[in-house]
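Novice: Just so it is clear, I am handing over data.txt, which has compact mmCIF, C-alpha atoms and all ligand atoms.
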```
# COMPACT_ATOMS: atom_id res chain seq x y z
CA MET I 23 -9.76 35.32 -38.32
CA ALA I 24 -10.42 32.97 -41.22
CA THR I 25 -10.67 29.20 -41.17
CA VAL I 26 -11.24 26.52 -43.79
CA SER I 27 -14.81 25.36 -43.13
CA ALA I 28 -15.05 22.92 -46.02
CA ALA I 29 -12.54 21.57 -48.52
CA ARG I 30 -12.29 18.76 -51.00
CA TYR I 31 -10.05 18.20 -53.99
CA GLY I 32 -9.13 15.54 -56.50
CA LYS I 33 -9.35 14.76 -60.22
CA ASP I 34 -12.38 15.47 -62.40
CA ASN I 35 -13.10 14.47 -65.98
CA VAL I 36 -10.96 11.35 -65.89
CA ARG I 37 -12.02 9.53 -69.04
CA LEU I 38 -11.89 5.77 -68.75
CA TYR I 39 -12.49 2.97 -71.25
CA LYS I 40 -12.35 -0.72 -70.41
CA VAL I 41 -12.87 -3.67 -72.73
CA HIS I 42 -13.79 -7.20 -71.76
CA ARG I 43 -12.82 -9.85 -74.33
CA ASP I 44 -14.64 -13.17 -74.13
CA GLU I 45 -11.93 -15.54 -75.37
CA LYS I 46 -14.40 -18.39 -76.08
CA THR I 47 -16.95 -16.46 -78.15
CA GLY I 48 -14.79 -13.58 -79.42
CA VAL I 49 -17.46 -11.16 -78.20
CA GLN I 50 -16.08 -7.93 -76.73
CA THR I 51 -17.94 -5.68 -74.29
CA VAL I 52 -16.94 -2.07 -73.72
CA ASN I 53 -17.50 0.46 -70.95
CA GLU I 54 -16.72 4.19 -71.22
CA THR I 55 -17.05 6.54 -68.28
CA THR I 56 -16.05 9.96 -67.01
CA VAL I 57 -14.94 9.82 -63.39
CA CYS I 58 -14.52 12.43 -60.66
CA VAL I 59 -12.87 11.60 -57.32
CA LEU I 60 -12.62 14.24 -54.57
CA LEU I 61 -10.95 13.69 -51.19
CA GLU I 62 -11.72 15.19 -47.79
CA GLY I 63 -9.82 14.95 -44.53
CA ASP I 64 -7.07 16.62 -42.55
CA ILE I 65 -6.00 18.74 -45.50
CA GLN I 66 -6.66 22.25 -44.16
CA SER I 67 -2.95 22.99 -43.74
CA SER I 68 -2.44 22.62 -47.49
CA TYR I 69 -4.71 25.65 -47.92
CA THR I 70 -3.67 27.71 -44.91
CA ARG I 71 0.07 26.97 -44.66
CA ALA I 72 1.01 25.72 -48.14
CA ASP I 73 1.68 22.37 -46.47
CA ASN I 74 1.82 19.90 -49.35
CA SER I 75 2.80 17.03 -47.08
CA VAL I 76 -0.92 16.27 -46.66
CA VAL I 77 -1.65 16.39 -50.40
CA VAL I 78 -2.13 13.18 -52.35
CA ALA I 79 -1.49 14.75 -55.76
CA THR I 80 -4.49 14.85 -58.09
CA ASP I 81 -2.23 13.10 -60.61
CA SER I 82 -1.92 10.19 -58.17
CA VAL I 83 -5.70 10.18 -57.77
CA LYS I 84 -5.97 9.82 -61.57
CA ASN I 85 -3.37 7.02 -61.60
CA THR I 86 -5.31 5.22 -58.85
CA ILE I 87 -8.53 5.39 -60.89
CA TYR I 88 -6.75 3.71 -63.85
CA LEU I 89 -5.09 1.07 -61.64
CA LEU I 90 -8.27 0.18 -59.75
CA ALA I 91 -10.11 -0.06 -63.09
CA LYS I 92 -7.52 -2.59 -64.27
CA GLN I 93 -7.69 -4.62 -61.05
CA ASN I 94 -11.47 -4.59 -60.48
CA PRO I 95 -14.73 -4.78 -62.40
CA VAL I 96 -15.88 -1.34 -63.57
CA THR I 97 -19.50 -2.46 -63.70
CA PRO I 98 -21.92 -1.95 -62.18
CA PRO I 99 -20.73 1.63 -61.60
CA GLU I 100 -22.18 1.50 -58.08
CA LEU I 101 -19.62 -1.20 -57.21
CA PHE I 102 -16.65 0.46 -58.93
CA GLY I 103 -17.59 3.77 -57.26
CA SER I 104 -17.63 2.03 -53.87
CA ILE I 105 -14.24 0.42 -54.53
CA LEU I 106 -12.79 3.82 -55.47
CA ALA I 107 -14.39 5.69 -52.58
CA THR I 108 -13.21 3.25 -49.91
CA HIS I 109 -9.68 2.92 -51.33
CA PHE I 110 -8.35 6.34 -50.28
CA PRO I 111 -9.28 6.30 -46.55
CA ALA I 112 -7.88 2.75 -46.40
CA GLU I 113 -4.61 3.91 -47.95
CA TYR I 114 -4.16 7.33 -46.26
CA ALA I 115 -4.92 7.76 -42.55
CA HIS I 116 -5.64 11.50 -42.92
CA ILE I 117 -8.24 11.08 -45.68
CA HIS I 118 -11.62 10.55 -44.04
CA ALA I 119 -14.21 10.91 -46.79
CA VAL I 120 -14.40 10.57 -50.57
CA HIS I 121 -16.89 11.74 -53.19
CA VAL I 122 -16.97 9.77 -56.44
CA LYS I 123 -19.04 10.53 -59.53
CA ILE I 124 -19.14 8.14 -62.47
CA ILE I 125 -20.90 9.09 -65.70
CA THR I 126 -21.39 6.11 -68.00
CA HIS I 127 -21.74 6.90 -71.70
CA ARG I 128 -23.79 4.79 -74.07
CA TRP I 129 -22.10 2.33 -76.40
CA THR I 130 -24.90 0.18 -77.81
CA ARG I 131 -23.96 -2.95 -79.75
CA MET I 132 -24.63 -2.71 -83.50
CA VAL I 133 -26.90 -5.19 -85.22
CA VAL I 134 -25.18 -6.13 -88.50
CA ASP I 135 -26.66 -8.59 -91.00
CA GLY I 136 -29.43 -9.17 -88.44
CA LYS I 137 -26.99 -10.24 -85.70
CA PRO I 138 -25.43 -8.47 -82.69
CA HIS I 139 -21.93 -7.50 -83.82
CA PRO I 140 -19.10 -8.87 -81.62
CA HIS I 141 -17.08 -5.66 -81.43
CA SER I 142 -18.95 -2.68 -83.01
CA PHE I 143 -21.04 -0.16 -81.09
CA PHE I 144 -22.84 3.14 -81.65
CA ARG I 145 -23.68 6.10 -79.43
CA ASP I 146 -27.49 6.09 -79.36
CA GLY I 147 -28.05 9.46 -77.70
CA THR I 148 -26.56 11.66 -75.05
CA GLU I 149 -28.34 9.92 -72.17
CA THR I 150 -25.98 8.84 -69.38
CA ARG I 151 -26.18 6.55 -66.38
CA ASN I 152 -24.80 8.47 -63.40
CA VAL I 153 -23.67 7.24 -60.03
CA GLU I 154 -22.51 9.28 -57.05
CA VAL I 155 -20.86 7.48 -54.16
CA TYR I 156 -19.96 9.08 -50.85
CA PHE I 157 -17.90 7.17 -48.32
CA LYS I 158 -17.05 8.51 -44.90
CA ARG I 159 -15.03 6.54 -42.37
CA ASN I 160 -17.41 4.83 -39.90
CA ALA I 161 -20.48 6.17 -41.74
CA GLY I 162 -20.88 3.63 -44.54
CA ILE I 163 -21.30 4.03 -48.28
CA SER I 164 -24.09 6.27 -49.63
CA ILE I 165 -24.98 5.68 -53.27
CA LYS I 166 -27.17 7.75 -55.57
CA SER I 167 -27.85 6.26 -59.01
CA GLY I 168 -29.54 7.99 -61.88
CA ILE I 169 -30.40 8.72 -65.48
CA GLN I 170 -29.58 12.04 -67.11
CA GLY I 171 -30.27 13.45 -70.55
CA LEU I 172 -33.02 11.07 -71.68
CA THR I 173 -34.95 13.43 -73.97
CA VAL I 174 -38.61 12.47 -74.47
CA LEU I 175 -41.63 14.03 -76.17
CA LYS I 176 -45.29 13.12 -76.49
CA SER I 177 -47.37 14.88 -79.13
CA THR I 178 -50.66 14.49 -77.22
CA GLY I 179 -51.94 12.93 -74.00
CA SER I 180 -51.04 15.92 -71.83
CA ALA I 181 -53.11 18.81 -70.47
CA PHE I 182 -52.64 21.70 -68.08
CA HIS I 183 -55.60 23.50 -66.52
CA GLY I 184 -57.03 24.53 -63.16
CA PHE I 185 -53.92 26.50 -62.16
CA VAL I 186 -54.04 29.87 -60.36
CA ARG I 187 -55.65 32.57 -62.52
CA ASP I 188 -55.08 36.13 -61.40
CA GLU I 189 -53.77 39.47 -62.61
CA TYR I 190 -50.36 37.85 -63.40
CA THR I 191 -51.78 35.09 -65.63
CA THR I 192 -51.71 35.02 -69.43
CA LEU I 193 -51.26 31.24 -69.96
CA LYS I 194 -54.31 29.60 -71.55
CA GLU I 195 -55.75 26.41 -70.10
CA VAL I 196 -55.22 23.50 -72.49
CA SER I 197 -56.72 20.02 -72.64
CA ASP I 198 -54.22 18.84 -75.27
CA ARG I 199 -50.58 19.88 -75.45
CA ILE I 200 -47.13 18.66 -76.37
CA LEU I 201 -45.07 17.45 -73.42
CA SER I 202 -41.29 17.22 -73.66
CA THR I 203 -38.48 17.00 -71.13
CA ASP I 204 -34.90 15.88 -70.54
CA VAL I 205 -35.24 13.25 -67.85
CA ASP I 206 -32.96 13.68 -64.84
CA ALA I 207 -33.96 10.97 -62.37
CA ALA I 208 -32.04 9.69 -59.35
CA TRP I 209 -32.60 7.16 -56.63
CA ASP I 210 -30.85 6.91 -53.23
CA TRP I 211 -29.98 3.48 -51.92
CA LYS I 212 -30.15 2.61 -48.26
CA VAL I 213 -26.67 3.15 -46.79
CA PHE I 214 -24.32 0.16 -47.24
CA PRO I 215 -21.98 -0.60 -44.33
CA ASP I 216 -19.07 -1.65 -46.58
CA VAL I 217 -18.04 -2.83 -50.07
CA ALA I 218 -18.97 -6.43 -49.18
CA ALA I 219 -22.58 -5.30 -48.69
CA VAL I 220 -22.49 -3.59 -52.10
CA ARG I 221 -21.07 -6.76 -53.71
CA ALA I 222 -23.84 -8.81 -52.09
CA VAL I 223 -26.52 -7.03 -54.17
CA ILE I 224 -24.66 -6.49 -57.46
CA PRO I 225 -27.58 -7.52 -59.75
CA ALA I 226 -29.89 -5.02 -58.01
CA PHE I 227 -28.05 -2.03 -59.53
CA ASP I 228 -28.55 -2.85 -63.21
CA ALA I 229 -32.08 -4.10 -62.46
CA ALA I 230 -32.96 -0.79 -60.75
CA TRP I 231 -31.55 1.25 -63.64
CA GLU I 232 -33.54 -0.81 -66.15
CA ALA I 233 -36.72 -0.59 -64.03
CA ALA I 234 -36.38 3.18 -63.50
CA ARG I 235 -35.78 3.77 -67.20
CA GLN I 236 -38.72 1.60 -68.25
CA ILE I 237 -41.07 3.04 -65.60
CA THR I 238 -40.11 6.56 -66.70
CA MET I 239 -40.85 5.84 -70.35
CA ASP I 240 -43.97 3.71 -69.76
CA THR I 241 -45.51 6.29 -67.46
CA PHE I 242 -44.56 9.17 -69.73
CA ALA I 243 -46.23 7.41 -72.67
CA LYS I 244 -49.29 5.89 -70.98
CA ASP I 245 -50.24 8.42 -68.29
CA PHE I 246 -52.65 11.13 -69.40
CA SER I 247 -50.57 13.89 -67.87
CA ALA I 248 -52.44 16.51 -65.81
CA SER I 249 -49.11 18.23 -65.15
CA VAL I 250 -45.40 17.46 -65.03
CA GLN I 251 -45.77 17.39 -61.22
CA ALA I 252 -48.47 14.68 -61.25
CA THR I 253 -46.66 12.53 -63.81
CA MET I 254 -43.28 12.63 -62.07
CA TYR I 255 -44.89 11.65 -58.76
CA LYS I 256 -46.43 8.56 -60.42
CA MET I 257 -43.00 7.61 -61.80
CA SER I 258 -41.33 8.02 -58.40
CA GLU I 259 -43.96 5.95 -56.57
CA GLN I 260 -43.49 3.07 -59.00
CA ILE I 261 -39.69 3.09 -58.67
CA LEU I 262 -39.99 2.94 -54.86
CA ALA I 263 -42.37 0.00 -55.23
CA ALA I 264 -40.09 -1.80 -57.72
CA VAL I 265 -36.78 -1.42 -55.84
CA PRO I 266 -37.03 -2.24 -52.11
CA LEU I 267 -33.42 -1.12 -51.38
CA VAL I 268 -34.15 2.42 -52.62
CA GLU I 269 -35.27 4.98 -50.05
CA HIS I 270 -35.73 8.19 -52.08
CA VAL I 271 -36.45 8.96 -55.73
CA SER I 272 -35.88 12.41 -57.24
CA TYR I 273 -36.87 13.85 -60.59
CA ASN I 274 -35.67 17.10 -62.02
CA LEU I 275 -37.66 17.83 -65.20
CA PRO I 276 -37.50 20.87 -67.47
CA ASN I 277 -40.81 21.55 -69.18
CA LYS I 278 -39.63 22.19 -72.76
CA HIS I 279 -42.33 24.34 -74.27
CA TYR I 280 -43.63 24.07 -77.85
CA PHE I 281 -45.61 27.20 -78.74
CA GLU I 282 -48.48 27.33 -81.18
CA ILE I 283 -48.03 29.82 -84.03
CA ASP I 284 -51.00 31.98 -84.91
CA MET I 285 -51.06 32.21 -88.74
CA SER I 286 -54.49 33.79 -89.07
CA TRP I 287 -52.85 37.05 -90.20
CA HIS I 288 -51.97 35.21 -93.46
CA LYS I 289 -55.14 34.64 -95.49
CA GLY I 290 -56.94 33.43 -92.34
CA LEU I 291 -54.72 30.27 -92.10
CA GLN I 292 -55.83 28.17 -89.10
CA ASN I 293 -52.90 26.83 -87.00
CA THR I 294 -54.08 27.04 -83.38
CA GLY I 295 -56.09 24.80 -81.05
CA LYS I 296 -57.28 21.67 -82.86
CA ASN I 297 -55.81 23.01 -86.13
CA ALA I 298 -52.28 23.38 -84.74
CA GLU I 299 -49.68 21.47 -86.76
CA VAL I 300 -46.67 23.75 -87.00
CA TYR I 301 -45.17 24.72 -83.62
CA ALA I 302 -42.17 26.76 -82.46
CA PRO I 303 -39.98 24.72 -80.04
CA GLN I 304 -38.62 27.02 -77.31
CA SER I 305 -35.13 26.73 -75.86
CA SER I 306 -35.71 29.27 -73.08
CA PRO I 307 -37.21 30.03 -70.73
CA ASN I 308 -38.38 26.60 -69.60
CA GLY I 309 -40.39 25.40 -66.65
CA LEU I 310 -38.36 23.40 -64.13
CA ILE I 311 -40.17 20.94 -61.90
CA LYS I 312 -38.39 19.01 -59.15
CA CYS I 313 -39.45 16.57 -56.48
CA THR I 314 -38.10 13.97 -54.10
CA VAL I 315 -40.43 11.15 -53.13
CA SER I 316 -39.48 9.07 -50.09
CA ARG I 317 -40.83 6.03 -48.37
CA ALA I 318 -43.45 7.31 -45.94
CA SER I 319 -41.63 5.44 -43.15
CA LEU I 320 -38.56 7.67 -43.60
CA THR I 321 -38.07 11.28 -42.67
CA PRO I 322 -38.38 13.19 -45.95
CA LYS I 323 -35.00 14.33 -47.17
CA SER I 324 -35.38 17.64 -48.98
CA LYS I 325 -33.31 17.99 -52.10
CA LEU I 326 -35.25 20.91 -53.54
N1 LIG I 401 -46.65 22.36 -64.57
C1 LIG I 401 -46.91 21.95 -65.83
O1 LIG I 401 -47.01 20.74 -66.08
N2 LIG I 401 -47.06 22.86 -66.84
C2 LIG I 401 -46.95 24.16 -66.57
C3 LIG I 401 -46.69 24.62 -65.26
C4 LIG I 401 -46.53 23.67 -64.23
O2 LIG I 401 -46.29 24.00 -63.05
N3 LIG I 401 -46.65 25.99 -65.30
N4 LIG I 401 -46.88 26.34 -66.57
N5 LIG I 401 -47.06 25.25 -67.33
```
Starting from the file, lay out its structure as structure tokens.
Ligand code: AZA

Specialist:
Amino acid sequence: MATVSAARYGKDNVRLYKVHRDEKTGVQTVNETTVCVLLEGDIQSSYTRADNSVVVATDSVKNTIYLLAKQNPVTPPELFGSILATHFPAEYAHIHAVHVKIITHRWTRMVVDGKPHPHSFFRDGTETRNVEVYFKRNAGISIKSGIQGLTVLKSTGSAFHGFVRDEYTTLKEVSDRILSTDVDAAWDWKVFPDVAAVRAVIPAFDAAWEAARQITMDTFAKDFSASVQATMYKMSEQILAAVPLVEHVSYNLPNKHYFEIDMSWHKGLQNTGKNAEVYAPQSSPNGLIKCTVSRASLTPKSKL
């Protein structure tokens, strides 16, 4: 006998743009996101018996995202995600839990003639601010915020030595190397009982995103990196210290290798070690280093 042991459904890749027009100053502010909303509940019969009476159509889910965006603030995304996630169980008795993901794309205001332009923006990179909200009836609102796709590189100030050397090892120990990664960082907030509790700390969400981004870049730049592992732990510790409402911080960092090119075969040209100038960036394979750092007072939550 078969049974549905897990099911969720909804609309993904809902693209949303909202403008705020300040009538007094004429300054406009824009927000562009990609939203996913998936519903869970007493929906098994739609799978097992083709019972569509329990299905809130994914088209209606999309319509609801647009309507709630019109009727509510869409920033910070943690708040809009909470409004979306709590809407469906409030509206439909058989929907018990909702997963929301909001990806915010960058529109950075242009500086024109030395001044911030009132209505022109540019996409300064593929970095996104991501928020995942999970609401379950009687279990509160869980929010994970993060940064994805922040590509960084340092041309020195990184080493890697002292690792296991055995019959499988060919990697040379280095005291100076290039370090590059695409930052994927996330932080889990303590569970909020309801939307009112989320509203009560609205400024904390942007402040945490700014702090996490700055800590990531400052530490990447200033820390003499003994390894990706050691550097990401230092970043996580600082985010926990900076944002009291955050319980766990996770990093997921590819180690994007830049290989030296031995040119000695050509007239003895020196391009390795301290003479290395021309490198071959590698797209694959890459190292992948992950960790979750939690407040010592909490039971570690493994996300590895
Ligand atoms: N961590 C690093 O920072 N660099 C590496 C690793 C590692 O685990 N393995 N090879 N190179």

Novice: Write out as CSV a residue-level contact list of chain I versus ligand LIG 401 (chain I) with cut-off 9 Å: for each qualifying residue the closest pair of atoms and the distance in Å to one decimal, counting all atoms listed in the file, rows sorted by chain and residue number upward.

Specialist:
```
residue,atom,partner,partner_atom,distance
I:Ser180,CA,I:LIG401,O1,8.5
I:Ala181,CA,I:LIG401,O1,7.8
I:Phe182,CA,I:LIG401,N2,5.8
I:His183,CA,I:LIG401,N2,8.6
I:Phe185,CA,I:LIG401,N3,7.9
I:Leu193,CA,I:LIG401,N4,7.4
I:Leu201,CA,I:LIG401,O1,8.3
I:Ser247,CA,I:LIG401,O1,7.9
I:Ala248,CA,I:LIG401,O1,6.9
I:Ser249,CA,I:LIG401,O1,3.4
I:Val250,CA,I:LIG401,O1,3.8
I:Gln251,CA,I:LIG401,O1,6.0
I:Ala252,CA,I:LIG401,O1,7.9
I:Thr253,CA,I:LIG401,O1,8.5
I:Asn277,CA,I:LIG401,N2,6.8
I:His279,CA,I:LIG401,N5,8.4
I:Gly309,CA,I:LIG401,N3,6.4
I:Leu310,CA,I:LIG401,O2,8.0
I:Ile311,CA,I:LIG401,O2,6.9
```

Novice: Grab the atom CA of I:Gly179 to atom CA of I:Ser197 distance for me, in Å with one decimal place.

Specialist: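 Taking atom CA of I:Gly179 as the start and atom CA of I:Ser197 as the end point, the length is 8.7 Å.
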
Novice: Could you tell me how far atom CA of I:Ala207 sits from atom CA of I:Ser272, in Å to one decimal place?

Specialist: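 Spanning atom CA of I:Ser272 to atom CA of I:Ala207 is a straight-line distance of 5.7 Å.
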
Novice: Taking all atoms listed in the file into account, which of I:Glu259, I:Asp73, I:Asp44, I:Glu149 comes nearest I:Arg317?

Specialist: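 Result for the nearest residue to I:Arg317: I:Glu259.
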
Novice: Which residue, I:Asp210, I:Asp240, I:Asp204, I:Asp228, has the smallest gap to I:Leu275 when you use all atoms listed in the file?

Specialist: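 Result for the nearest residue to I:Leu275: I:Asp204.
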
Novice: Point out the residue among I:Ala107, I:Trp129, I:Thr173, I:Val83 with the least atom-to-atom distance to I:Gln50, counting all atoms listed in the file.

Specialist: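 Residue with the minimum atom-to-atom distance to I:Gln50: I:Trp129.
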
Novice: In Å, how far is it from atom CA of I:Ala161 to atom CA of I:Ala115?

Specialist: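 These two atoms are separated by 15.7 Å.
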
Novice: Near I:Cys58, within 8 Å and counting all atoms listed in the file, which residues show up once chain neighbours fewer than 3 positions away are dropped, as a tab-separated table (two decimals) with C-alpha atoms, in the coordinates of the input?

Specialist:
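What ended up in result38.tsv:
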```tsv
chain	number	residue	atom	x	y	z
I	32	GLY	CA	-9.13	15.54	-56.50
I	33	LYS	CA	-9.35	14.76	-60.22
I	34	ASP	CA	-12.38	15.47	-62.40
I	35	ASN	CA	-13.10	14.47	-65.98
I	36	VAL	CA	-10.96	11.35	-65.89
I	121	HIS	CA	-16.89	11.74	-53.19
I	122	VAL	CA	-16.97	9.77	-56.44
I	123	LYS	CA	-19.04	10.53	-59.53
I	124	ILE	CA	-19.14	8.14	-62.47
```

Novice: Identify, on the basis of all atoms listed in the file, every residue whose closest approach to I:Asn297 does not exceed 12 Å; exclude the query and any residue fewer than 4 positions from it along the same chain; express the result as a ChimeraX atom specification.

Specialist: /I:198,282-286,291-293,301

Novice: Please work out which residues fall within 10 Å of (-19.8, -9.0, -82.6), coordinates as given in the file, with only C-alpha atoms counting, and return them as a list in words.

Specialist: Thr47, Gly48, Val49, Gln50, Thr51, Arg131, Met132, Val133, Val134, Lys137, Pro138, His139, Pro140, His141, Ser142 and Phe143 of chain I

Novice: Create the file for the chosen residues now, containing C-alpha atoms and written as a PDB file, keeping the file's coordinate frame.

Specialist:
```
ATOM      1  CA  THR I  47     -16.950 -16.460 -78.150  1.00  0.00           C
ATOM      2  CA  GLY I  48     -14.790 -13.580 -79.420  1.00  0.00           C
ATOM      3  CA  VAL I  49     -17.460 -11.160 -78.200  1.00  0.00           C
ATOM      4  CA  GLN I  50     -16.080  -7.930 -76.730  1.00  0.00           C
ATOM      5  CA  THR I  51     -17.940  -5.680 -74.290  1.00  0.00           C
ATOM      6  CA  ARG I 131     -23.960  -2.950 -79.750  1.00  0.00           C
ATOM      7  CA  MET I 132     -24.630  -2.710 -83.500  1.00  0.00           C
ATOM      8  CA  VAL I 133     -26.900  -5.190 -85.220  1.00  0.00           C
ATOM      9  CA  VAL I 134     -25.180  -6.130 -88.500  1.00  0.00           C
ATOM     10  CA  LYS I 137     -26.990 -10.240 -85.700  1.00  0.00           C
ATOM     11  CA  PRO I 138     -25.430  -8.470 -82.690  1.00  0.00           C
ATOM     12  CA  HIS I 139     -21.930  -7.500 -83.820  1.00  0.00           C
ATOM     13  CA  PRO I 140     -19.100  -8.870 -81.620  1.00  0.00           C
ATOM     14  CA  HIS I 141     -17.080  -5.660 -81.430  1.00  0.00           C
ATOM     15  CA  SER I 142     -18.950  -2.680 -83.010  1.00  0.00           C
ATOM     16  CA  PHE I 143     -21.040  -0.160 -81.090  1.00  0.00           C
TER      17      PHE I 143
END
```

Novice: With all atoms listed in the file as the atoms that count, which of I:Thr86, I:Ser27, I:Thr126, I:Asn94 lies nearest to I:Tyr69?

Specialist: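 Among I:Thr86, I:Ser27, I:Thr126, I:Asn94, it is I:Ser27 that comes nearest to I:Tyr69.
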
Novice: Would you kindly return, as a JSON list (two decimals) with C-alpha atoms, in the frame of the given file, each protein, DNA or RNA residue with an atom no farther than 12 Å from any atom of I:Glu62, considering only C-alpha atoms and excluding same-chain residues fewer than 5 positions away?

Specialist:
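Writing the result to result.json gives the following:
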```json
[["chain", "number", "residue", "atom", "x", "y", "z"],
["I", 27, "SER", "CA", -14.81, 25.36, -43.13],
["I", 28, "ALA", "CA", -15.05, 22.92, -46.02],
["I", 29, "ALA", "CA", -12.54, 21.57, -48.52],
["I", 30, "ARG", "CA", -12.29, 18.76, -51.00],
["I", 31, "TYR", "CA", -10.05, 18.20, -53.99],
["I", 32, "GLY", "CA", -9.13, 15.54, -56.50],
["I", 68, "SER", "CA", -2.44, 22.62, -47.49],
["I", 76, "VAL", "CA", -0.92, 16.27, -46.66],
["I", 77, "VAL", "CA", -1.65, 16.39, -50.40],
["I", 78, "VAL", "CA", -2.13, 13.18, -52.35],
["I", 107, "ALA", "CA", -14.39, 5.69, -52.58],
["I", 110, "PHE", "CA", -8.35, 6.34, -50.28],
["I", 111, "PRO", "CA", -9.28, 6.30, -46.55],
["I", 114, "TYR", "CA", -4.16, 7.33, -46.26],
["I", 115, "ALA", "CA", -4.92, 7.76, -42.55],
["I", 116, "HIS", "CA", -5.64, 11.50, -42.92],
["I", 117, "ILE", "CA", -8.24, 11.08, -45.68],
["I", 118, "HIS", "CA", -11.62, 10.55, -44.04],
["I", 119, "ALA", "CA", -14.21, 10.91, -46.79],
["I", 120, "VAL", "CA", -14.40, 10.57, -50.57],
["I", 121, "HIS", "CA", -16.89, 11.74, -53.19],
["I", 122, "VAL", "CA", -16.97, 9.77, -56.44],
["I", 156, "TYR", "CA", -19.96, 9.08, -50.85],
["I", 157, "PHE", "CA", -17.90, 7.17, -48.32],
["I", 158, "LYS", "CA", -17.05, 8.51, -44.90],
["I", 159, "ARG", "CA", -15.03, 6.54, -42.37]]
```

Novice: Counting only C-alpha atoms, figure out which residue out of I:Val220, I:Val155, I:Ala234, I:Val271 gets nearest to I:Leu172.

Specialist: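 Using only C-alpha atoms, the shortest distance to I:Leu172 belongs to I:Ala234.
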